[in-house]
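Report on one structure; see the data block that follows.
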Amino acid sequence: MAHDHNHDHAGHHHGPTVLTSINRALIIGAALNAVYVVVEFVLGFYYNSLALVADAGHNLSDVASLLLSLLAFRLARVRQTPSFTYGFRKSTVLASLTNAVILLITIGAILWESIGRFRHPEPVAGGAVAWVAGLGMLVNAASAMLFFRDKEHDLNVKGAYLHLATDALVSLGVVVSGIVISYTNWTWLDPVIGILVAVVIMGSTWRLLTDSLRLSMDGVPTGIDLPTVLADLRTVSGVQDVHHVHVWAMSTTENALTAHLVLQPGLSDSQIATLKHDARHRLEHQKISHATLETETVASEDCETETC
């Protein structure tokens, strides 16, 4: 049965008002964090604080994440060409993979310097570190609030909101370490916080790397459960079976699917059209916005696996 009601969730197209709001939030958030990253890097070196430098590297990942999301929204509007029939959507995956590699290099540098600092301790201005990190906490919290209203409209926006909120807590940890150092002169605490921040970055970076590699190799995107998709398609009225199924990411925000639907005999053209509309509608709820569906009345005899 055809559906004519609208759904506002990830996987469906965004309205112009929501897109404008998201674009504005991404630009402001990226600008705020970019300025703070520069300030934190400079002051981290000036005050000889690995914790600040590590936190700056963490905040740099925020900037990259926000710019990547902005790029994804912009590239989604670029028209296809005879040479690029999908447009430039896939470049968002390449940007994500590049971001992960750069972050891994940054993590390695932080860990190397932290280990060296244990061997050769150096004085740290704890009070200054606390003030700088406190500013970072405010920047991250303010940036997170920019995405609060639209965080349920898009998965990337929700991810940005959660990432920035988490980073505000990381900056809080650096603030605490700075205060403790200023009163106790425990300079060893600075490289310890640097290592802890590097470990936190490693967690998100590893997920970014594995997801980017999966998407670049046309693997099933994270968040899509293929058995559930197949089961849902098989419940469409008039569908007997589904095979030759392939799911991949067109970009970091759009997923595609091709599938063969084995139909019950005797369906009319209008019934088949309604059936396909229902199937595509169900796929949108599974975060698949582009579907190519081929229909047949007899399953291929050489299909030995569930998805072929």
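Going by the structure tokens order, chains are called A, B, ..., each with residues numbered from 1, while ligands are numbered from 1 in the order shown.
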Checklist entry - Leaving out Ala72 in chain A and any residue of its chain fewer than 2 positions from it, which residues lie within 8 Å of it when counting only C-alpha atoms, given as a PyMOL selection string? => result chain A and resi 68-70+74-76+89+92+251-253
Residues within 8 Å of Leu60 in chain A, only C-alpha atoms, excluding chain neighbours under 4 positions, as a compact mmCIF listing (two decimals) with N, CA and C atoms, in the first residue's frame:
```txt
# COMPACT_ATOMS: atom_id res chain seq x y z
N ASN A 33 36.06 26.00 17.12
CA ASN A 33 37.03 24.98 17.51
C ASN A 33 38.37 25.17 16.82
N ALA A 34 38.36 25.65 15.57
CA ALA A 34 39.62 25.87 14.85
C ALA A 34 40.45 26.96 15.53
N VAL A 37 41.82 25.50 18.77
CA VAL A 37 42.91 24.54 18.54
C VAL A 37 44.24 25.26 18.37
N ALA A 56 44.56 19.56 22.41
CA ALA A 56 44.44 20.31 21.14
C ALA A 56 44.31 19.33 19.97
N ALA A 64 37.93 18.56 12.19
CA ALA A 64 37.90 17.69 11.01
C ALA A 64 36.54 17.04 10.86
```
Item to check | strand (DSSP E or B) residues, from DSSP on the backbone, in range 67-295 of chain A, as an NGL selection string | outcome: :A and (239-249 or 255-263 or 290-295)
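Minimum atom-to-atom distance to Lys276 in chain A, evaluated using only C-alpha atoms, belongs to A:Gly238 out of A:Gly127, A:Gly219, A:Pro227, A:Gly238.
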Item to check | All alpha helix (DSSP H) positions in range 112-302 of chain A, as a ChimeraX atom specification | outcome: /A:112-119,126-146,155-184,189-216,226-234,269-285
Keeping only C-alpha atoms, write those residues as a JSON list (two decimals), in the first residue's frame.
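Listing of selection_12.json after writing:
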```json
[["chain", "number", "residue", "atom", "x", "y", "z"],
["A", 112, "TRP", "CA", 56.20, 9.29, 22.03],
["A", 113, "GLU", "CA", 56.55, 12.70, 23.68],
["A", 114, "SER", "CA", 54.69, 11.54, 26.81],
["A", 115, "ILE", "CA", 57.03, 8.58, 27.30],
["A", 116, "GLY", "CA", 60.03, 10.89, 26.84],
["A", 117, "ARG", "CA", 58.57, 13.30, 29.41],
["A", 118, "PHE", "CA", 58.46, 10.51, 32.01],
["A", 119, "ARG", "CA", 62.21, 9.99, 31.51],
["A", 126, "GLY", "CA", 49.51, 24.10, 36.23],
["A", 127, "GLY", "CA", 47.38, 27.20, 36.77],
["A", 128, "ALA", "CA", 47.77, 28.37, 33.16],
["A", 129, "VAL", "CA", 46.95, 24.86, 31.90],
["A", 130, "ALA", "CA", 43.75, 24.86, 33.96],
["A", 131, "TRP", "CA", 42.63, 28.23, 32.57],
["A", 132, "VAL", "CA", 43.32, 27.26, 28.94],
["A", 133, "ALA", "CA", 41.57, 23.90, 29.30],
["A", 134, "GLY", "CA", 38.66, 25.62, 31.03],
["A", 135, "LEU", "CA", 38.26, 27.84, 27.98],
["A", 136, "GLY", "CA", 38.26, 24.69, 25.84],
["A", 137, "MET", "CA", 35.54, 23.17, 27.99],
["A", 138, "LEU", "CA", 33.36, 26.23, 27.37],
["A", 139, "VAL", "CA", 34.06, 26.15, 23.61],
["A", 140, "ASN", "CA", 33.16, 22.46, 23.36],
["A", 141, "ALA", "CA", 30.00, 22.89, 25.44],
["A", 142, "ALA", "CA", 28.88, 25.92, 23.40],
["A", 143, "SER", "CA", 29.60, 24.07, 20.13],
["A", 144, "ALA", "CA", 27.63, 21.03, 21.32],
["A", 145, "MET", "CA", 24.60, 23.22, 22.09],
["A", 146, "LEU", "CA", 24.62, 24.47, 18.48],
["A", 155, "LEU", "CA", 22.92, 10.86, 12.44],
["A", 156, "ASN", "CA", 26.04, 12.90, 11.58],
["A", 157, "VAL", "CA", 24.70, 15.88, 13.50],
["A", 158, "LYS", "CA", 23.85, 13.66, 16.48],
["A", 159, "GLY", "CA", 27.37, 12.22, 16.34],
["A", 160, "ALA", "CA", 28.87, 15.73, 16.30],
["A", 161, "TYR", "CA", 26.76, 16.70, 19.32],
["A", 162, "LEU", "CA", 27.81, 13.65, 21.34],
["A", 163, "HIS", "CA", 31.48, 14.02, 20.31],
["A", 164, "LEU", "CA", 31.64, 17.66, 21.39],
["A", 165, "ALA", "CA", 29.83, 16.97, 24.65],
["A", 166, "THR", "CA", 32.34, 14.19, 25.41],
["A", 167, "ASP", "CA", 35.26, 16.49, 24.58],
["A", 168, "ALA", "CA", 33.95, 19.03, 27.09],
["A", 169, "LEU", "CA", 34.40, 16.32, 29.75],
["A", 170, "VAL", "CA", 37.93, 15.55, 28.47],
["A", 171, "SER", "CA", 38.83, 19.24, 28.82],
["A", 172, "LEU", "CA", 37.42, 19.11, 32.36],
["A", 173, "GLY", "CA", 39.95, 16.36, 33.12],
["A", 174, "VAL", "CA", 42.79, 18.59, 31.89],
["A", 175, "VAL", "CA", 41.45, 21.43, 34.10],
["A", 176, "VAL", "CA", 41.55, 19.16, 37.15],
["A", 177, "SER", "CA", 45.12, 18.02, 36.34],
["A", 178, "GLY", "CA", 46.24, 21.64, 35.96],
["A", 179, "ILE", "CA", 44.79, 22.59, 39.35],
["A", 180, "VAL", "CA", 46.39, 19.56, 41.02],
["A", 181, "ILE", "CA", 49.80, 20.34, 39.47],
["A", 182, "SER", "CA", 49.61, 23.98, 40.60],
["A", 183, "TYR", "CA", 49.14, 22.88, 44.24],
["A", 184, "THR", "CA", 51.27, 19.71, 44.37],
["A", 189, "LEU", "CA", 50.53, 14.10, 36.04],
["A", 190, "ASP", "CA", 50.83, 16.13, 32.81],
["A", 191, "PRO", "CA", 52.16, 13.29, 30.60],
["A", 192, "VAL", "CA", 49.70, 10.90, 32.31],
["A", 193, "ILE", "CA", 46.79, 13.10, 31.21],
["A", 194, "GLY", "CA", 48.41, 13.37, 27.76],
["A", 195, "ILE", "CA", 48.44, 9.56, 27.47],
["A", 196, "LEU", "CA", 44.84, 9.28, 28.73],
["A", 197, "VAL", "CA", 43.65, 11.84, 26.18],
["A", 198, "ALA", "CA", 45.58, 9.96, 23.44],
["A", 199, "VAL", "CA", 43.80, 6.74, 24.47],
["A", 200, "VAL", "CA", 40.42, 8.52, 24.25],
["A", 201, "ILE", "CA", 41.32, 9.80, 20.77],
["A", 202, "MET", "CA", 42.44, 6.30, 19.77],
["A", 203, "GLY", "CA", 39.00, 4.90, 20.59],
["A", 204, "SER", "CA", 37.12, 7.30, 18.30],
["A", 205, "THR", "CA", 39.90, 7.27, 15.68],
["A", 206, "TRP", "CA", 39.89, 3.48, 15.46],
["A", 207, "ARG", "CA", 36.14, 3.47, 14.84],
["A", 208, "LEU", "CA", 36.58, 6.19, 12.24],
["A", 209, "LEU", "CA", 39.36, 4.22, 10.53],
["A", 210, "THR", "CA", 37.49, 0.90, 10.43],
["A", 211, "ASP", "CA", 34.24, 2.53, 9.28],
["A", 212, "SER", "CA", 36.09, 4.49, 6.56],
["A", 213, "LEU", "CA", 37.88, 1.38, 5.31],
["A", 214, "ARG", "CA", 34.59, -0.54, 5.29],
["A", 215, "LEU", "CA", 32.85, 2.17, 3.25],
["A", 216, "SER", "CA", 35.80, 2.63, 0.86],
["A", 226, "LEU", "CA", 21.47, -6.93, 6.37],
["A", 227, "PRO", "CA", 19.43, -9.89, 7.76],
["A", 228, "THR", "CA", 16.88, -7.38, 9.10],
["A", 229, "VAL", "CA", 16.72, -5.62, 5.71],
["A", 230, "LEU", "CA", 16.14, -8.95, 3.94],
["A", 231, "ALA", "CA", 13.49, -10.04, 6.42],
["A", 232, "ASP", "CA", 11.68, -6.71, 6.03],
["A", 233, "LEU", "CA", 11.68, -6.95, 2.22],
["A", 234, "ARG", "CA", 10.31, -10.51, 2.38],
["A", 269, "ASP", "CA", 1.76, -3.79, -13.39],
["A", 270, "SER", "CA", -0.01, -1.50, -10.89],
["A", 271, "GLN", "CA", 0.40, -4.07, -8.12],
["A", 272, "ILE", "CA", 4.11, -4.40, -8.90],
["A", 273, "ALA", "CA", 4.49, -0.60, -8.87],
["A", 274, "THR", "CA", 2.75, -0.43, -5.47],
["A", 275, "LEU", "CA", 4.91, -3.28, -4.21],
["A", 276, "LYS", "CA", 8.11, -1.48, -5.21],
["A", 277, "HIS", "CA", 6.92, 1.74, -3.58],
["A", 278, "ASP", "CA", 6.26, -0.12, -0.33],
["A", 279, "ALA", "CA", 9.69, -1.82, -0.51],
["A", 280, "ARG", "CA", 11.51, 1.50, -1.05],
["A", 281, "HIS", "CA", 9.56, 3.09, 1.79],
["A", 282, "ARG", "CA", 10.64, 0.28, 4.13],
["A", 283, "LEU", "CA", 14.25, 0.65, 3.00],
["A", 284, "GLU", "CA", 14.21, 4.35, 3.87],
["A", 285, "HIS", "CA", 13.43, 3.31, 7.44]]
```
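Shortest atom-to-atom contact with Ile27 in chain A among A:Leu111, A:Val42, A:Leu67, A:Val242: A:Leu67, counting only C-alpha atoms.
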Item to check | Nearby residues (only C-alpha atoms) at most 9 Å from His260 in chain A, same-chain spacing under 2 positions excluded, as an NGL selection string | outcome: :A and (241-245 or 258 or 262 or 292-296 or 299)
Item to check | Shell of 10 Å around Gly57 in chain A, only C-alpha atoms, local chain residues under 5 positions omitted, as JSON, numbers by chain | outcome: {"A": [37, 40, 41, 51, 52, 62, 63, 103, 106, 107, 110, 197, 198, 201]}
Can those selected residues be exported to a file as a PDB file, in the first residue's frame so that it contains N, CA, C and O atoms?
```pdb
ATOM      1  N   VAL A  37      41.824  25.501  18.772  1.00  0.00           N
ATOM      2  CA  VAL A  37      42.907  24.535  18.536  1.00  0.00           C
ATOM      3  C   VAL A  37      44.237  25.260  18.373  1.00  0.00           C
ATOM      4  O   VAL A  37      45.262  24.860  18.945  1.00  0.00           O
ATOM      5  N   GLU A  40      45.281  26.651  21.734  1.00  0.00           N
ATOM      6  CA  GLU A  40      45.691  25.599  22.670  1.00  0.00           C
ATOM      7  C   GLU A  40      47.039  25.000  22.292  1.00  0.00           C
ATOM      8  O   GLU A  40      47.862  24.696  23.160  1.00  0.00           O
ATOM      9  N   PHE A  41      47.273  24.802  20.999  1.00  0.00           N
ATOM     10  CA  PHE A  41      48.574  24.295  20.560  1.00  0.00           C
ATOM     11  C   PHE A  41      49.699  25.263  20.953  1.00  0.00           C
ATOM     12  O   PHE A  41      50.724  24.859  21.512  1.00  0.00           O
ATOM     13  N   ALA A  51      49.521  17.727  28.188  1.00  0.00           N
ATOM     14  CA  ALA A  51      48.076  17.564  28.326  1.00  0.00           C
ATOM     15  C   ALA A  51      47.337  18.539  27.410  1.00  0.00           C
ATOM     16  O   ALA A  51      46.353  18.173  26.746  1.00  0.00           O
ATOM     17  N   LEU A  52      47.810  19.793  27.358  1.00  0.00           N
ATOM     18  CA  LEU A  52      47.185  20.782  26.477  1.00  0.00           C
ATOM     19  C   LEU A  52      47.395  20.439  25.011  1.00  0.00           C
ATOM     20  O   LEU A  52      46.472  20.544  24.192  1.00  0.00           O
ATOM     21  N   ASP A  62      37.689  17.284  16.297  1.00  0.00           N
ATOM     22  CA  ASP A  62      36.364  17.912  16.242  1.00  0.00           C
ATOM     23  C   ASP A  62      36.223  18.757  14.985  1.00  0.00           C
ATOM     24  O   ASP A  62      35.216  18.696  14.282  1.00  0.00           O
ATOM     25  N   VAL A  63      37.262  19.569  14.721  1.00  0.00           N
ATOM     26  CA  VAL A  63      37.236  20.445  13.545  1.00  0.00           C
ATOM     27  C   VAL A  63      37.119  19.614  12.273  1.00  0.00           C
ATOM     28  O   VAL A  63      36.301  19.903  11.389  1.00  0.00           O
ATOM     29  N   LEU A 103      45.026  11.517  12.327  1.00  0.00           N
ATOM     30  CA  LEU A 103      44.845  11.405  13.769  1.00  0.00           C
ATOM     31  C   LEU A 103      45.729  10.313  14.363  1.00  0.00           C
ATOM     32  O   LEU A 103      46.259  10.461  15.470  1.00  0.00           O
ATOM     33  N   THR A 106      49.080  11.747  14.794  1.00  0.00           N
ATOM     34  CA  THR A 106      49.059  12.666  15.937  1.00  0.00           C
ATOM     35  C   THR A 106      49.138  11.903  17.254  1.00  0.00           C
ATOM     36  O   THR A 106      49.877  12.292  18.175  1.00  0.00           O
ATOM     37  N   ILE A 107      48.387  10.806  17.351  1.00  0.00           N
ATOM     38  CA  ILE A 107      48.389   9.983  18.565  1.00  0.00           C
ATOM     39  C   ILE A 107      49.788   9.423  18.825  1.00  0.00           C
ATOM     40  O   ILE A 107      50.284   9.432  19.960  1.00  0.00           O
ATOM     41  N   ILE A 110      52.025  12.132  20.249  1.00  0.00           N
ATOM     42  CA  ILE A 110      51.696  12.442  21.647  1.00  0.00           C
ATOM     43  C   ILE A 110      52.242  11.371  22.580  1.00  0.00           C
ATOM     44  O   ILE A 110      52.843  11.674  23.628  1.00  0.00           O
ATOM     45  N   VAL A 197      44.347  11.165  27.278  1.00  0.00           N
ATOM     46  CA  VAL A 197      43.647  11.835  26.177  1.00  0.00           C
ATOM     47  C   VAL A 197      43.938  11.119  24.854  1.00  0.00           C
ATOM     48  O   VAL A 197      43.046  10.921  24.019  1.00  0.00           O
ATOM     49  N   ALA A 198      45.212  10.692  24.656  1.00  0.00           N
ATOM     50  CA  ALA A 198      45.579   9.963  23.439  1.00  0.00           C
ATOM     51  C   ALA A 198      44.786   8.657  23.328  1.00  0.00           C
ATOM     52  O   ALA A 198      44.358   8.258  22.237  1.00  0.00           O
ATOM     53  N   ILE A 201      41.316   9.525  22.216  1.00  0.00           N
ATOM     54  CA  ILE A 201      41.318   9.805  20.774  1.00  0.00           C
ATOM     55  C   ILE A 201      41.422   8.505  19.988  1.00  0.00           C
ATOM     56  O   ILE A 201      40.777   8.333  18.952  1.00  0.00           O
TER      57      ILE A 201
END
```
Item to check | Exercise: range 123-125 of chain A partners within 7 Å, only C-alpha atoms, chain neighbours under 6 positions left out, as a PyMOL selection string | outcome: chain A and resi 47-49+182+187
Using C-alpha atoms, can you write the selected residues to a file as an mmCIF file, in the first residue's frame?
```cif
data_model
loop_
_atom_site.group_PDB
_atom_site.id
_atom_site.type_symbol
_atom_site.label_atom_id
_atom_site.label_comp_id
_atom_site.auth_asym_id
_atom_site.auth_seq_id
_atom_site.Cartn_x
_atom_site.Cartn_y
_atom_site.Cartn_z
ATOM 1 C CA TYR A 47 53.621 26.395 28.969
ATOM 2 C CA ASN A 48 55.317 23.076 28.192
ATOM 3 C CA SER A 49 52.104 21.068 28.746
ATOM 4 C CA SER A 182 49.613 23.981 40.602
ATOM 5 C CA THR A 187 54.629 17.268 36.952
#
```
